[in-house]
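Novice: The structure under discussion is supplied below as structure tokens; questions concerning it will follow.
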Amino acid sequence: MAHFDRNDVSIRMEGKKPLGGRIWIQGSKNAALPVLAACMLIPGTCVLRGCPAITDIECMCSLLKSTGAAVTVVDGDRIEIDTRSVREHRLPEKHVCAMRSSVIMMGAMLGRLGEVCVNYPGGCVIGDRPIDLHLYGLEKLGAQIWTEGNHIRAYADELKGAVIHFPFSSVGATQNVILAAVTARGTTVINNAAKEPEIVELCRFLNLAGADIDYAGTLLKSGRIVIHGVELSRLHGITYNVIADRIVAGTYLFAALAAGGEVALENVPIGQLDSICDTIRGMGAVIDSDGSSLTVNACDRDRIVNLPYIETDVYPDFPTDLQSPLLAAACVARGKLAVRERIFSSRFRIVEELQRMGADIAVEGDTAVVTGGRELEGRTVIARELRGGAALVIAGLCASGITTVADSGYIRRGYQDIVGDFAGLGARISYVD
Ligand code: UD1
């Protein structure tokens, strides 16, 4: 089996070489996963183009297959999903527990089959990840939900539109309610819906497939989505292009900032990267855009400094998913940075590994303070979750000597080929057993 296909391989790199060249940004994981779940609702064939070849997508495809759907991958990045023979409402533990996003299958399956049985979902270990808001939203739509052993079961003779007010915005809970409400009787209003671009993409996909969702004028302004329920038979298969991954783009921008050099990113969702580009510019790199690509130049190392304070927050503010790549870059920038993590409680698991590489980071509660400008030293470190794993690769690209990132399977949950991408930019990096 190729290294690329294995989870237990390590990534080995020899750092301190500036990056240079062009890189194509893969399709968005967080946009593609809910769209794949949405295919469950559509009694026909959908074709998704530009799906990233990552393990979380493989896992979602396995979940779809387990329900009876026919899922075919064509030419690597095109996935055809035919759900006409879907009838199984129990999802297999192996895949549900492997990925947090499996929980959004609940809304889709209630809409399609009127029942679902799942284990508590898994995913990256980045703090408490309850699903109370998901269940609250589905119950408001009329689902009966109960637990049986390790399983959550939900059943609805008929889902009915409702007004749902989320006490705080949750990407997954918003997606789950949208999916359940598309074919519910009557109108559903979601207040304080998540505003992430992946929510917009899900609504856009569903509307193209025959749903009736108002979001364009209201979501970004007031956090409101209105879903007018339609008959299941009105939904039809479509061909859909997955948008580019803003988090992968941001990861590579931080890599260039940290390692130095000049990198052009192609296929970038430029409009979704404002807070990230502001941060990168604030840290001294130059970013140019020609409308379809972004170029980051961090050749002048004397200009690379830390901003005093950054906090993660919901879109359009600085994304929690880029907090670890930011921490890695902050280790090499001069000066002090305080990062406050406002979304997930345990998202500082990477700190211990960075400290082993010589980083000066102190964590107190939800804030990490990095004193940058230190030389990182190559070590063997362990990827414990997706974004933290990618951030350790960034640290390795900056460190002296050899860095080995073990358990790279976590990284492959979200990055198609991080090794190939950085090797294409001139990094001395490879997979090793
Ligand atoms: C999604 C993204 C993930 C990103 C996160 C925040 C996908 C597949 N994943 O995750 O990459 O880091 O948004 O932008 O798109 N919460 C509750 N109860 C709930 C649901 C959430 O308390 O029922 C809390 C969470 O613990 C967290 C916050 O709400 O503190 C935000 O979580 P949420 O937006 O739901 O994240 P995910 O959808 O899991």
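Starting from 1 in every chain, residues are counted up; chains themselves are A, B, ... following the order of the structure tokens, and ligands are numbered from 1 as listed.
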What are the nearest atom pairs, with distances in Å to one decimal, for all residues of chain A that come at most 8 Å from ligand 1, using only C-alpha atoms and all ligand atoms, set out by chain and rising residue number as JSON lines?
Specialist:
```
{"residue": "A:Lys29", "atom": "CA", "partner": "ligand 1", "partner_atom_place_in_ligand_line": "8 (C)", "distance": 7.0}
{"residue": "A:Asn30", "atom": "CA", "partner": "ligand 1", "partner_atom_place_in_ligand_line": "15 (O)", "distance": 4.1}
{"residue": "A:Ala31", "atom": "CA", "partner": "ligand 1", "partner_atom_place_in_ligand_line": "15 (O)", "distance": 6.9}
{"residue": "A:Leu33", "atom": "CA", "partner": "ligand 1", "partner_atom_place_in_ligand_line": "8 (C)", "distance": 6.5}
{"residue": "A:Pro34", "atom": "CA", "partner": "ligand 1", "partner_atom_place_in_ligand_line": "8 (C)", "distance": 7.5}
{"residue": "A:Arg100", "atom": "CA", "partner": "ligand 1", "partner_atom_place_in_ligand_line": "39 (O)", "distance": 6.6}
{"residue": "A:Ser101", "atom": "CA", "partner": "ligand 1", "partner_atom_place_in_ligand_line": "8 (C)", "distance": 5.1}
{"residue": "A:Gly127", "atom": "CA", "partner": "ligand 1", "partner_atom_place_in_ligand_line": "26 (O)", "distance": 7.2}
{"residue": "A:Asp128", "atom": "CA", "partner": "ligand 1", "partner_atom_place_in_ligand_line": "26 (O)", "distance": 5.3}
{"residue": "A:Arg129", "atom": "CA", "partner": "ligand 1", "partner_atom_place_in_ligand_line": "26 (O)", "distance": 4.0}
{"residue": "A:Pro130", "atom": "CA", "partner": "ligand 1", "partner_atom_place_in_ligand_line": "18 (N)", "distance": 4.5}
{"residue": "A:Ile131", "atom": "CA", "partner": "ligand 1", "partner_atom_place_in_ligand_line": "23 (O)", "distance": 3.2}
{"residue": "A:Asp132", "atom": "CA", "partner": "ligand 1", "partner_atom_place_in_ligand_line": "23 (O)", "distance": 3.9}
{"residue": "A:Leu133", "atom": "CA", "partner": "ligand 1", "partner_atom_place_in_ligand_line": "23 (O)", "distance": 3.4}
{"residue": "A:His134", "atom": "CA", "partner": "ligand 1", "partner_atom_place_in_ligand_line": "23 (O)", "distance": 4.8}
{"residue": "A:Leu135", "atom": "CA", "partner": "ligand 1", "partner_atom_place_in_ligand_line": "23 (O)", "distance": 7.0}
{"residue": "A:Tyr136", "atom": "CA", "partner": "ligand 1", "partner_atom_place_in_ligand_line": "23 (O)", "distance": 8.0}
{"residue": "A:Phe168", "atom": "CA", "partner": "ligand 1", "partner_atom_place_in_ligand_line": "29 (O)", "distance": 7.0}
{"residue": "A:Ser169", "atom": "CA", "partner": "ligand 1", "partner_atom_place_in_ligand_line": "34 (O)", "distance": 6.3}
{"residue": "A:Ser170", "atom": "CA", "partner": "ligand 1", "partner_atom_place_in_ligand_line": "34 (O)", "distance": 3.4}
{"residue": "A:Val171", "atom": "CA", "partner": "ligand 1", "partner_atom_place_in_ligand_line": "34 (O)", "distance": 3.7}
{"residue": "A:Gly172", "atom": "CA", "partner": "ligand 1", "partner_atom_place_in_ligand_line": "38 (O)", "distance": 3.3}
{"residue": "A:Ala173", "atom": "CA", "partner": "ligand 1", "partner_atom_place_in_ligand_line": "20 (C)", "distance": 5.8}
{"residue": "A:Thr174", "atom": "CA", "partner": "ligand 1", "partner_atom_place_in_ligand_line": "35 (O)", "distance": 7.9}
{"residue": "A:Ala194", "atom": "CA", "partner": "ligand 1", "partner_atom_place_in_ligand_line": "34 (O)", "distance": 7.1}
{"residue": "A:Glu196", "atom": "CA", "partner": "ligand 1", "partner_atom_place_in_ligand_line": "14 (O)", "distance": 7.4}
{"residue": "A:Glu198", "atom": "CA", "partner": "ligand 1", "partner_atom_place_in_ligand_line": "15 (O)", "distance": 7.0}
{"residue": "A:Asp313", "atom": "CA", "partner": "ligand 1", "partner_atom_place_in_ligand_line": "14 (O)", "distance": 7.8}
{"residue": "A:Val314", "atom": "CA", "partner": "ligand 1", "partner_atom_place_in_ligand_line": "14 (O)", "distance": 6.1}
{"residue": "A:Tyr315", "atom": "CA", "partner": "ligand 1", "partner_atom_place_in_ligand_line": "14 (O)", "distance": 7.4}
{"residue": "A:Pro319", "atom": "CA", "partner": "ligand 1", "partner_atom_place_in_ligand_line": "14 (O)", "distance": 6.2}
{"residue": "A:Thr320", "atom": "CA", "partner": "ligand 1", "partner_atom_place_in_ligand_line": "12 (O)", "distance": 5.5}
{"residue": "A:Asp321", "atom": "CA", "partner": "ligand 1", "partner_atom_place_in_ligand_line": "12 (O)", "distance": 5.0}
{"residue": "A:Arg342", "atom": "CA", "partner": "ligand 1", "partner_atom_place_in_ligand_line": "30 (O)", "distance": 7.5}
{"residue": "A:Ile343", "atom": "CA", "partner": "ligand 1", "partner_atom_place_in_ligand_line": "30 (O)", "distance": 4.4}
{"residue": "A:Phe344", "atom": "CA", "partner": "ligand 1", "partner_atom_place_in_ligand_line": "30 (O)", "distance": 4.7}
{"residue": "A:Ser345", "atom": "CA", "partner": "ligand 1", "partner_atom_place_in_ligand_line": "30 (O)", "distance": 7.0}
```
Novice: Any idea what's packed within 9 Å of region 354-356 of chain A, counting only C-alpha atoms, ignoring anything in its chain fewer than 6 positions away? Could you give it as a list in words?
Specialist: Leu327, Ala328, Cys331, Leu376, Glu377, Arg379, Thr380, Val381, Leu392 and Ala395 of chain A
Novice: Can you spit out the residues from that selection as an mmCIF file, in the first residue's frame, using N, CA and C atoms?
Specialist:
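Output (result36.cif):
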```cif
data_model
loop_
_atom_site.group_PDB
_atom_site.id
_atom_site.type_symbol
_atom_site.label_atom_id
_atom_site.label_comp_id
_atom_site.auth_asym_id
_atom_site.auth_seq_id
_atom_site.Cartn_x
_atom_site.Cartn_y
_atom_site.Cartn_z
ATOM 1 N N LEU A 327 -0.218 29.353 15.943
ATOM 2 C CA LEU A 327 0.723 29.144 17.055
ATOM 3 C C LEU A 327 2.106 28.740 16.536
ATOM 4 N N ALA A 328 2.117 27.829 15.553
ATOM 5 C CA ALA A 328 3.398 27.367 15.018
ATOM 6 C C ALA A 328 4.163 28.532 14.390
ATOM 7 N N CYS A 331 5.752 30.985 16.859
ATOM 8 C CA CYS A 331 6.989 30.565 17.529
ATOM 9 C C CYS A 331 8.222 31.172 16.865
ATOM 10 N N LEU A 376 13.510 26.823 16.551
ATOM 11 C CA LEU A 376 12.914 25.513 16.839
ATOM 12 C C LEU A 376 13.913 24.420 16.457
ATOM 13 N N GLU A 377 13.912 23.332 17.226
ATOM 14 C CA GLU A 377 14.833 22.222 16.941
ATOM 15 C C GLU A 377 14.034 20.987 16.535
ATOM 16 N N ARG A 379 12.587 17.412 16.203
ATOM 17 C CA ARG A 379 12.321 16.361 17.200
ATOM 18 C C ARG A 379 11.332 15.374 16.587
ATOM 19 N N THR A 380 11.086 14.290 17.269
ATOM 20 C CA THR A 380 9.953 13.438 16.896
ATOM 21 C C THR A 380 8.759 13.897 17.721
ATOM 22 N N VAL A 381 7.718 14.310 17.039
ATOM 23 C CA VAL A 381 6.519 14.802 17.718
ATOM 24 C C VAL A 381 5.316 14.010 17.215
ATOM 25 N N LEU A 392 2.218 21.059 13.261
ATOM 26 C CA LEU A 392 3.529 20.478 13.585
ATOM 27 C C LEU A 392 4.384 20.346 12.322
ATOM 28 N N ALA A 395 5.850 23.679 11.881
ATOM 29 C CA ALA A 395 6.973 23.871 12.814
ATOM 30 C C ALA A 395 8.211 23.136 12.295
#
```
Novice: Using only C-alpha atoms, can you tell me which of A:Glu93, A:Val35, A:Ala255, A:Asp157 comes closest to Leu179 (chain A)?
Specialist: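 Among A:Glu93, A:Val35, A:Ala255, A:Asp157, it is A:Val35 that comes nearest to Leu179 (chain A).
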Novice: Using DSSP on the backbone coordinates, identify all residues within region 64-96 of chain A classified as helix (DSSP H, G or I); present the result as a PyMOL selection string.
Specialist: chain A and resi 64-66+93-96
Novice: Quick check for you: according to DSSP on this backbone, which residues of region 86-334 of chain A are classed as strand (DSSP E)? Reply as a PyMOL selection string.
Specialist: chain A and resi 115-119+144-148+151-155+163-165+187-191+212-214+225-228+239-241+261-266+286-289+293-297+309-311
Novice: If we count only C-alpha atoms and set the cut-off at 8 Å, which residues sit around region 14-24 of chain A, ignoring sequence neighbours fewer than 2 positions away in its own chain? Please answer as a PyMOL selection string.
Specialist: chain A and resi 12+26+256+259-267+299+378+396-403+421-422+424-429
